[in-house]
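Student: Just dropping this structure here.
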Amino acid sequence: MKKLNILLLLSLFLVIVGYAQTHQITVEEIYQGAFRTQGLEALRSMNNGQQYTVLHKNRITGSTSIDAYDYKTLEKVNTIVSSVDLADVHSFSKYAFTKDEKKILLATEVEPIFRRSTLGIYYVYDVGSKSVIKISENKIQEPSVSPSGKEVAYVFENNIYIFDLASKKTRQITDDGQKNKIINGVTDWVYEEEFSFVKAFEWNADGSKIAFLRFDETNVPEFSMDVYGTDLYPKPHVFKYPKAGEDNAIVTLHVFDVEKDEISAIDLGEAYYIPRIKWMNDKNTLSVQTINRHQNHLKLLAVNTSDNSVDVLLEETDKAYVDITDELTFLGDDSFIWSSERDGYNHLYLYAADGALLSQITKGAWEVTSYYGYDQNEDRIYYQSTENGSINRGIYSVDSSGSNKKELATKKGNNKADFSSNFTYFINTFSSATVPNTYTLHKALNGKKIKDIKDNNGLLTKLEGYALSEKEFSTIAINGNDLNMYMIKPKDFDPSKKYPLLMYQYSGPGSQNVSNSWNSANDYWHQMLVAEGYIVACVDGRGTGFKGRDFKKVTYMNLVKYETEDQIAAAAKLSELPYIDEERTGIWGWSFGGHMSTNCLLKGNEVFETAIAVAPVTSWRFYDTIYTERFMRTPAENPGGYDDNSPFNYPELLKGNYLLIHGSGDDNVHVQNSMRMIEALIQANKQFDWAIYPDKNHGIYGGNTRIQLFNKMTNFLKSNL
């Protein structure tokens with residue numbers, strides 16, 4: 001009897017130990033941060049190139065400080081400023097040094113407006129005197145200290161102001177700013193979203209002039225959405241949103257002379273969009289990028305602000321479109337480095353100050369993915385690229401003639417560099433599908449590792465207790481192309497069994513989901529599903545990025561057509577595998593990916609049985625001008641491109657199980673997209689599932705929202721796939 005009890009206890013112990021070693025990931029763990037990686041606080045290199053600063057927050061007191069560290073030793077050198085020592089500032093969430101590092105801009109009470117824009121209370125801290133000055137009692141946008149350190153320019157209620165730090169007096173530079181009509185110094189919604197910038201003014205080299213953009217939104221149609229909140233009556237949120245084919249804001253360039261207190265309008269000729277302005281080293285010369293509405297003809301202009309004359313430095317044209325980037329650097333003599341896809345891949349070029357091409361710096365059947373800067377003393381250009389494979393990223397340097405290339409960090413995976421200001425050191429952030437973020441210090445000249453900084457071995461140890469499966473990278477031959485793919489199979493995979501297949505994708509122009517990098521939240525959710533008996537696969541089809549211009553731009557004028565064909569063909573081919581249950585194939589995606597998953601379920605109704613679409617576009621007619629027309633031109637020019645792949649035009653094709661999800665407060669992909677899809681399916685007498693998340697934006701998050709959302713998606717898949 002005792003022996004039997006011992007055996008029972010031993011069996012129970014083994015079961016408990018076995019369970020403990022194979023925990024199942026839960027949605028709650030994922031979205032409560034159980035698997036977050038440890039990272040470095042955002043660091044900024046100091047001018048001496050030997051030290052960097054980080055923002056540190058005391059989790060107990062809530063106070064914040066800016067601390068300086070030595071690159072070589074990684075030891076803390078000193079605290080530059082702490083909110084503990086500032087009477088009026090309990091904490092700050094962002095900071096920016098002036099060019100001479102004598103003053104620091106501190107941000108508090110920051111609140112979002114849209115994706116990139118914010119409002120906040122700002123202070124200027126004087127490092128020498130240790131004094132702090134509040135710029136304005138109002139919440140303002142994009143404050144910028146002048147090169148002299150004597151003044152701060154900022155935007156408040158669509159007008160530009162200058163605050164004098166000595167006299168503490170404010171003067172108003174523009175006076176015509178008005179909500180939903182005129183904007184000075186910051187961008188409108190569509191520029192912010194699609195050209196990826198907010199601050200639309202810049203000080204020149206000596207602070208004597210400010211160049212700024214003015215947006216006249218008068219003729220831009222308004223979009224209105226109800227904000228339900230907790231009040232008795234919902235409140236309408238109204239903002240200017242130019243949908244494809246509609247009027248954009250009229251954008252003009254102006255220069256304010258600080259001493260003369262005068263504003264000059266600059267005539268740029270035919271300049272439909274002005275996506276970038278940047279002063280050259282010469283205090284009177286401003287570079288301006290303009291592009292036409294079709295976005296296939298870009299000009300780099302030089303504006304002489306002494307007489308407001310304009311010269312063309314270079315022009316970029318493309319049969320499809322020209323991408324806007326930030327890879328423009330002016331060297332000491334105002335020669336410049338520029339990126340272009342002109343040879344079929346994104347590469348770096350060197351131009352003389354007058355716009356004459358001097359050399360192509362990088363070349364090959366691979367893409368430059370980030371430009372880090374130029375060390376003029378060593379004649380070294382530092383960049384990140386796909387030279388070690390399109391799903392990987394490596395760090396390299398080369399001289400300005402394109403010679404003497406050096407590999408600085410090229411281990412298979414994703415390498416990302418933060419360089420010291422004088423290019424003595426860089427901190428490499430490395431990850432792969434099997435290695436979470438690790439941080440190491442290197443010599444910039446040769447890439448030699450100096451020391452390890454931080455790793456996430458603790459997370460790896462924790463994950464050993466979960467049933468995680470390996471991402472298997474490969475390519476799949478589809479429609480004449482070898483497409484990048486990964487597949488995740490259950491840990492106890494048995495090739496003699498049949499498994500349901502869930503495909504995940506985004507598929508937007510220039511995007512990448514198949515990447516040899518560490519897990520995102522979606523990856524953990526996929527692992528959770530895999531542990532429950534699903535196979536998850538992801539295929540980057542035509543139109544995605546980092547495989548050259550032609551591969552990316554083949555979808556021009558027909559967004560989601562070829563992308564959909566590739567996903568359907570890939571699913572059909574994968575279904576031929578002996579271990580895939582061809583009667584249980586699903587697909588899901590978010591935003592562009594939601595459009596894709598919807599289209600795949602309808603147009604691929606013989607292949608897909610189930611789909612989830614989160615915040616999908618359902619007609620490009622509903623999306624904004626800059627993004628949509630870049631790839632499709634206008635609806636008047638390309639009606640078939642807009643309508644032939646709009647799923648609410650063929651709801652009768654729905655055969656499978658469909659879950660449609662949207663946030664009612666989505667200012668980006670409006671809930672109108674889903675409402676039109678819902679109505680089309682209703683009138684086609686099709687059954688489907690759907691959920692609307694009140695007041696949630698395009699990210700659909702806040703509180704328990706993500707947990708509830710992904711539990712809903714999990715339950716839907718378990719019931720239908």
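A note on labels: chains of the structure tokens are A, B, ... as shown, every chain counts residues from 1, and ligands are counted from 1 in their shown order.
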Please identify which residues in stretch 295-435 of chain A DSSP calls strand (DSSP E or B) from the backbone, and express them as a PyMOL selection string.
Tutor: chain A and resi 297-304+309-317+329-330+336-340+347-351+357-360+368-375+380-385+393-398+406-409+414-419+425-431
Student: Residues at most 12 Å from A:Lys471, counting only C-alpha atoms, excluding those fewer than 3 positions away in the same chain, as a ChimeraX atom specification?
Tutor: /A:432-435,468,474,485-491,514-519,523-524,526-527,530,535-538
Student: Tell me, in Å to one decimal, how far atom CA of A:Arg393 is from atom CA of A:Asn415.
Tutor: 5.4 Å
Student: Name the residues in contact with A:Thr170 at a cut-off of 12 Å, using only C-alpha atoms, excluding same-chain residues fewer than 4 positions from it; report them as a PyMOL selection string.
Tutor: chain A and resi 134-137+151-156+160-166
Student: Would you write out those residues with N, CA and C atoms, as an mmCIF file, in the first residue's frame?
Tutor:
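Ended up saving to again26.cif:
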```
data_model
loop_
_atom_site.group_PDB
_atom_site.id
_atom_site.type_symbol
_atom_site.label_atom_id
_atom_site.label_comp_id
_atom_site.auth_asym_id
_atom_site.auth_seq_id
_atom_site.Cartn_x
_atom_site.Cartn_y
_atom_site.Cartn_z
ATOM 1 N N LYS A 134 10.207 78.439 -17.680
ATOM 2 C CA LYS A 134 9.030 77.905 -18.358
ATOM 3 C C LYS A 134 8.776 78.723 -19.614
ATOM 4 N N ILE A 135 8.597 78.034 -20.758
ATOM 5 C CA ILE A 135 8.450 78.742 -22.020
ATOM 6 C C ILE A 135 7.079 79.394 -22.148
ATOM 7 N N SER A 136 6.039 78.659 -21.761
ATOM 8 C CA SER A 136 4.679 79.178 -21.894
ATOM 9 C C SER A 136 3.785 78.499 -20.875
ATOM 10 N N GLU A 137 2.764 79.214 -20.441
ATOM 11 C CA GLU A 137 1.769 78.612 -19.555
ATOM 12 C C GLU A 137 0.852 77.671 -20.327
ATOM 13 N N GLU A 151 16.734 82.259 -27.726
ATOM 14 C CA GLU A 151 15.302 82.299 -28.007
ATOM 15 C C GLU A 151 14.770 80.892 -28.255
ATOM 16 N N VAL A 152 13.461 80.756 -28.102
ATOM 17 C CA VAL A 152 12.773 79.496 -28.391
ATOM 18 C C VAL A 152 11.599 79.792 -29.309
ATOM 19 N N ALA A 153 11.581 79.112 -30.456
ATOM 20 C CA ALA A 153 10.427 79.207 -31.349
ATOM 21 C C ALA A 153 9.512 78.022 -31.079
ATOM 22 N N TYR A 154 8.217 78.241 -31.170
ATOM 23 C CA TYR A 154 7.261 77.151 -30.960
ATOM 24 C C TYR A 154 5.950 77.480 -31.663
ATOM 25 N N VAL A 155 5.046 76.500 -31.671
ATOM 26 C CA VAL A 155 3.731 76.687 -32.283
ATOM 27 C C VAL A 155 2.663 76.537 -31.213
ATOM 28 N N PHE A 156 1.721 77.469 -31.216
ATOM 29 C CA PHE A 156 0.562 77.415 -30.327
ATOM 30 C C PHE A 156 -0.665 77.806 -31.135
ATOM 31 N N ILE A 160 3.075 80.620 -35.020
ATOM 32 C CA ILE A 160 4.462 80.541 -34.550
ATOM 33 C C ILE A 160 4.744 81.704 -33.603
ATOM 34 N N TYR A 161 5.421 81.380 -32.509
ATOM 35 C CA TYR A 161 5.821 82.377 -31.511
ATOM 36 C C TYR A 161 7.320 82.234 -31.239
ATOM 37 N N ILE A 162 7.923 83.340 -30.766
ATOM 38 C CA ILE A 162 9.309 83.304 -30.308
ATOM 39 C C ILE A 162 9.355 83.838 -28.884
ATOM 40 N N PHE A 163 9.965 83.047 -27.996
ATOM 41 C CA PHE A 163 10.103 83.414 -26.586
ATOM 42 C C PHE A 163 11.554 83.780 -26.315
ATOM 43 N N ASP A 164 11.780 84.979 -25.790
ATOM 44 C CA ASP A 164 13.121 85.451 -25.455
ATOM 45 C C ASP A 164 13.469 85.021 -24.029
ATOM 46 N N LEU A 165 14.521 84.242 -23.873
ATOM 47 C CA LEU A 165 14.852 83.669 -22.569
ATOM 48 C C LEU A 165 15.357 84.712 -21.579
ATOM 49 N N ALA A 166 15.987 85.771 -22.071
ATOM 50 C CA ALA A 166 16.511 86.795 -21.168
ATOM 51 C C ALA A 166 15.396 87.703 -20.649
#
```
Student: Tell me which protein, DNA and RNA residues are within 9 Å of A:Gln512, counting only C-alpha atoms, leaving out same-chain ones fewer than 4 positions away, and put them as a list in words.
Tutor: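 My list of contacting residues is Ile391, Gln505, Tyr506, Ser507, Gly508, Asp540, Thr544, Gly545 and Phe546 of chain A.
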Student: Using Å and a single decimal, report how far atom CA of A:Lys243 sits from atom CA of A:Gly510.
Tutor: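 Computed distance, atom CA of A:Gly510 to atom CA of A:Lys243, equals 21.6 Å.
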Student: Excluding stretch 629-643 of chain A and its own-chain neighbours fewer than 6 positions away, which residues fall within 10 Å of it when counting only C-alpha atoms? Please give them as a CSV table (one decimal) with N, CA, C and O atoms, in the first residue's frame.
Tutor:
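Full text of out14.csv as output:
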```
chain,number,residue,atom,x,y,z
A,243,LYS,N,-9.3,62.7,-48.6
A,243,LYS,CA,-9.3,61.4,-49.2
A,243,LYS,C,-8.9,61.4,-50.6
A,243,LYS,O,-8.8,62.5,-51.3
A,244,ALA,N,-8.5,60.2,-51.1
A,244,ALA,CA,-7.9,60.1,-52.5
A,244,ALA,C,-8.8,60.9,-53.5
A,244,ALA,O,-10.0,60.8,-53.5
A,245,GLY,N,-8.1,61.8,-54.2
A,245,GLY,CA,-8.8,62.5,-55.3
A,245,GLY,C,-9.3,63.9,-54.8
A,245,GLY,O,-9.7,64.7,-55.6
A,246,GLU,N,-9.4,64.1,-53.5
A,246,GLU,CA,-9.9,65.4,-53.0
A,246,GLU,C,-8.8,66.4,-52.9
A,246,GLU,O,-7.6,66.2,-53.1
A,293,ARG,N,1.9,65.9,-57.5
A,293,ARG,CA,0.8,65.2,-56.9
A,293,ARG,C,1.0,63.7,-57.2
A,293,ARG,O,0.7,62.8,-56.3
A,294,HIS,N,1.4,63.3,-58.3
A,294,HIS,CA,1.6,61.9,-58.7
A,294,HIS,C,2.8,61.3,-57.9
A,294,HIS,O,3.0,60.1,-57.9
A,295,GLN,N,3.6,62.1,-57.3
A,295,GLN,CA,4.8,61.7,-56.5
A,295,GLN,C,5.8,60.9,-57.3
A,295,GLN,O,6.5,60.0,-56.8
A,296,ASN,N,5.9,61.2,-58.6
A,296,ASN,CA,6.9,60.6,-59.4
A,296,ASN,C,8.0,61.5,-60.0
A,296,ASN,O,8.8,61.1,-60.8
A,320,ALA,N,6.8,54.9,-61.5
A,320,ALA,CA,5.8,54.7,-60.4
A,320,ALA,C,5.8,55.9,-59.4
A,320,ALA,O,5.0,56.8,-59.6
A,321,TYR,N,6.7,55.8,-58.5
A,321,TYR,CA,6.8,56.9,-57.5
A,321,TYR,C,8.2,57.0,-56.9
A,321,TYR,O,9.0,56.1,-57.0
A,322,VAL,N,8.5,58.1,-56.3
A,322,VAL,CA,9.7,58.4,-55.6
A,322,VAL,C,9.5,58.5,-54.1
A,322,VAL,O,8.6,59.2,-53.7
A,323,ASP,N,10.2,57.7,-53.3
A,323,ASP,CA,10.0,57.7,-51.9
A,323,ASP,C,10.7,58.9,-51.3
A,323,ASP,O,11.8,59.4,-51.8
A,509,PRO,N,3.2,48.3,-49.3
A,509,PRO,CA,4.3,48.6,-50.1
A,509,PRO,C,5.6,48.9,-49.3
A,509,PRO,O,5.6,49.7,-48.3
A,553,LYS,N,7.6,47.9,-56.6
A,553,LYS,CA,6.7,48.7,-57.3
A,553,LYS,C,5.9,48.1,-58.4
A,553,LYS,O,5.1,48.7,-59.1
A,555,THR,N,3.3,46.5,-57.9
A,555,THR,CA,1.9,46.6,-57.5
A,555,THR,C,1.3,48.0,-57.8
A,555,THR,O,0.2,48.3,-57.5
A,556,TYR,N,2.1,48.9,-58.4
A,556,TYR,CA,1.7,50.2,-58.8
A,556,TYR,C,0.4,50.2,-59.6
A,556,TYR,O,0.3,49.5,-60.5
A,557,MET,N,-0.5,51.0,-59.2
A,557,MET,CA,-1.9,51.2,-59.8
A,557,MET,C,-2.8,50.1,-59.5
A,557,MET,O,-4.0,50.1,-59.8
A,558,ASN,N,-2.4,49.0,-58.7
A,558,ASN,CA,-3.3,47.9,-58.4
A,558,ASN,C,-3.0,47.4,-57.0
A,558,ASN,O,-2.8,46.2,-56.8
A,559,LEU,N,-3.1,48.3,-56.0
A,559,LEU,CA,-2.8,47.8,-54.7
A,559,LEU,C,-3.7,46.7,-54.3
A,559,LEU,O,-4.9,46.7,-54.6
A,560,VAL,N,-3.1,45.7,-53.6
A,560,VAL,CA,-3.7,44.4,-53.1
A,560,VAL,C,-4.1,43.4,-54.2
A,560,VAL,O,-4.4,42.3,-53.8
A,561,LYS,N,-4.0,43.7,-55.5
A,561,LYS,CA,-4.3,42.7,-56.5
A,561,LYS,C,-3.2,41.6,-56.5
A,561,LYS,O,-3.5,40.4,-56.3
A,618,THR,N,-11.2,49.0,-46.8
A,618,THR,CA,-12.0,48.2,-47.7
A,618,THR,C,-12.2,48.9,-49.0
A,618,THR,O,-12.7,48.3,-49.9
A,619,SER,N,-11.9,50.2,-49.1
A,619,SER,CA,-11.8,50.9,-50.4
A,619,SER,C,-10.8,52.0,-50.3
A,619,SER,O,-10.8,52.8,-49.3
A,620,TRP,N,-9.9,52.0,-51.3
A,620,TRP,CA,-8.8,53.0,-51.2
A,620,TRP,C,-9.4,54.4,-51.5
A,620,TRP,O,-8.8,55.4,-51.3
A,621,ARG,N,-10.7,54.4,-51.9
A,621,ARG,CA,-11.4,55.7,-52.1
A,621,ARG,C,-11.5,56.4,-50.7
A,621,ARG,O,-11.7,57.6,-50.7
A,622,PHE,N,-11.5,55.7,-49.6
A,622,PHE,CA,-11.7,56.2,-48.3
A,622,PHE,C,-10.4,56.6,-47.6
A,622,PHE,O,-10.4,57.2,-46.6
A,623,TYR,N,-9.2,56.3,-48.3
A,623,TYR,CA,-8.0,56.6,-47.6
A,623,TYR,C,-7.4,57.9,-48.1
A,623,TYR,O,-7.8,58.5,-49.1
A,649,ASN,N,-17.4,45.4,-52.9
A,649,ASN,CA,-18.0,45.4,-54.3
A,649,ASN,C,-18.3,43.9,-54.7
A,649,ASN,O,-18.9,43.7,-55.7
A,650,TYR,N,-17.8,43.0,-53.9
A,650,TYR,CA,-18.1,41.5,-54.2
A,650,TYR,C,-18.4,40.7,-52.9
A,650,TYR,O,-17.8,39.7,-52.7
```
Student: Looking at only C-alpha atoms, which of A:Phe336, A:Phe551, A:Tyr191, A:Tyr349 is the one that sits closest to A:Ser287?
Tutor: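 Under the stated criterion, the closest residue is A:Phe336.
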